[in-house]
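Data block below; observations after.
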Amino acid sequence: MVKLKDITLEHHIKGMDFITAGEASSNIKHTLQLIGYPPAIIRRVAIAAYETEMNLVIHANSGVIKTSINADKIEIIAEDTGPGILDIELAMQEGYSTAPDNIREMGFGAGMGLPNIRNCADEFTLDSVYGDGTTLRVVILNQ
Amino acid sequence: MNLAELTKLLKAEVYCGEEKMDSQISFVCAGDLMSDFLVHAEPNSMFVTGLVNVQVVRTAEMLDIAAVVFIRGKKPTDEMINLAVKKGIPLITTTATMYLCCGMLYEAGLKNVPLPSVQATL
């Protein structure tokens, strides 16, 4: 693997934009492939990043995904000024979703996003103020 | 089985990814919920789905999926094909229903993607 110092990526995500949705995650995945990260770790990051990105597209008005990559770990911080999460414990329950019908028709909104992210992550923190916005921090270690 | 053999078995039409026809496929993940795909990440897998939107291709890209099969004659959109070409993911369509398509693939020896609890021990 290439010896590297920190690489940081910043992606701005637009709410309800289902055309470009996924491009940020694709870019993060591709960057890790270029660096030479192991495929199994790349897959976990890709899933976490994609679920995070889709959450921003579906639920937040807009948001920013900041990704920091070094030899030891990948950290993803997603911040938005969307509606926030009323009950985080409920949101973390598999199957619980606040997605509207038009989102479910696209195959999303099954309520597995946050649990999936948590399952991929070595560290997971979710902070939200209802009416104000949400910050998600995920770390995946290179081990 | 390789993708060429599977395409023949399913009497499927190939929309893109002809250069990947010798890819070996071992597992199948079938469904219409994106989350069902995202929970089961296994390389050398194929998606079988009736969902036709560009995010299916994105999900396939995230999970290194070897190919996507659309059932009941559903055709991918131009947008989907363009993205799939860019990402090197074959898209094929069979006229079979979900049940029949899965049945044929299962009989041909393709396995269900391993469950997450198994993956955790790998």
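Letters for chains follow the order of the structure tokens (A, B, ...), residue numbers begin at 1 for each chain, and ligand numbers begin at 1 in the order shown.
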
Taking only C-alpha atoms into account, what are the residues of chain B at most 7 Å from chain A, put as a ChimeraX atom specification? /B:32-35,38-39,51,58,62-63

DSSP strand (DSSP E) residues within chain B, as a ChimeraX atom specification: /B:13-16,27-30,45-49,67-70,91-93,111-112

Go ahead and compute the interatomic distance for atom CA of Ile25 of chain B and atom CA of Asn82 of chain B, in Å to one decimal. 22.8 Å

If you run DSSP on the backbone here, which positions in chain A get alpha helix (DSSP H)? Please write them as a ChimeraX atom specification. /A:23-35,39-59,88-91,101-104,113-120

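Excluding Met104 of chain B itself and any same-chain residue fewer than 6 positions from it, the protein and nucleic acid residues within 12 Å of it, counting only C-alpha atoms, are Leu6, Thr7, Lys8, Leu9, Leu10, Lys11, Val28, Val48, Thr94, Ala96, Thr97, Met98, Leu110 and Lys111 of chain B.
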
Would you export the selected residues with C-alpha atoms as a PDB file, in the first residue's frame, please?
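Listing of selection_15.pdb after writing:
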```pdb
ATOM      1  CA  LEU B   6     -26.284 -17.673 -17.200  1.00  0.00           C
ATOM      2  CA  THR B   7     -27.435 -15.306 -19.929  1.00  0.00           C
ATOM      3  CA  LYS B   8     -28.134 -18.299 -22.177  1.00  0.00           C
ATOM      4  CA  LEU B   9     -29.949 -20.120 -19.366  1.00  0.00           C
ATOM      5  CA  LEU B  10     -32.202 -17.148 -18.691  1.00  0.00           C
ATOM      6  CA  LYS B  11     -32.615 -16.444 -22.423  1.00  0.00           C
ATOM      7  CA  VAL B  28     -27.343 -14.367  -6.196  1.00  0.00           C
ATOM      8  CA  VAL B  48     -31.910 -10.145  -9.636  1.00  0.00           C
ATOM      9  CA  THR B  94     -34.961 -11.896 -18.771  1.00  0.00           C
ATOM     10  CA  ALA B  96     -38.915 -14.769 -16.587  1.00  0.00           C
ATOM     11  CA  THR B  97     -40.672 -13.763 -13.392  1.00  0.00           C
ATOM     12  CA  MET B  98     -38.696 -13.258 -10.183  1.00  0.00           C
ATOM     13  CA  LEU B 110     -25.938 -20.630  -7.692  1.00  0.00           C
ATOM     14  CA  LYS B 111     -26.068 -20.069  -3.964  1.00  0.00           C
TER      15      LYS B 111
END
```

Atom-to-atom span, atom CA of Lys5 of chain A and atom CA of Ala71 of chain A, Å: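 Result for atom CA of Lys5 of chain A versus atom CA of Ala71 of chain A: 7.4 Å, one decimal.
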
Using only C-alpha atoms, which of A:Glu89, A:Glu94, A:Asp132, A:Asp80 sits nearest His11 of chain A?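 Of all the options, A:Asp80 lies closest to His11 of chain A.
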
What's the 7 Å shell around Thr93 of chain B, counting only C-alpha atoms, without same-chain residues fewer than 4 positions away, as a ChimeraX atom specification? /B:12-14,69-71,73-75

Go ahead and save the picked residues with C-alpha atoms, as a PDB file, in the first residue's frame.
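Below you can see out_25.pdb, which holds the result:
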```pdb
ATOM      1  CA  ALA B  12     -31.645 -12.931 -21.454  1.00  0.00           C
ATOM      2  CA  GLU B  13     -30.988  -9.857 -23.550  1.00  0.00           C
ATOM      3  CA  VAL B  14     -27.680  -8.108 -22.831  1.00  0.00           C
ATOM      4  CA  VAL B  69     -30.557  -9.149 -14.083  1.00  0.00           C
ATOM      5  CA  PHE B  70     -33.914  -7.422 -14.578  1.00  0.00           C
ATOM      6  CA  ILE B  71     -36.930  -9.670 -14.531  1.00  0.00           C
ATOM      7  CA  GLY B  73     -38.735  -8.073 -19.480  1.00  0.00           C
ATOM      8  CA  LYS B  74     -37.979  -4.798 -17.699  1.00  0.00           C
ATOM      9  CA  LYS B  75     -35.521  -2.747 -19.678  1.00  0.00           C
TER      10      LYS B  75
END
```

Separation of atom CA of Leu136 of chain A and atom CA of Asp72 of chain A, in Å?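 Separation of atom CA of Leu136 of chain A and atom CA of Asp72 of chain A: 20.0 Å.
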
Find the residues near Ala66 of chain B: any atom within 7 Å, counting only C-alpha atoms, skip ones fewer than 3 places away on the same chain, and give them as a PyMOL selection string. chain B and resi 44-46+89
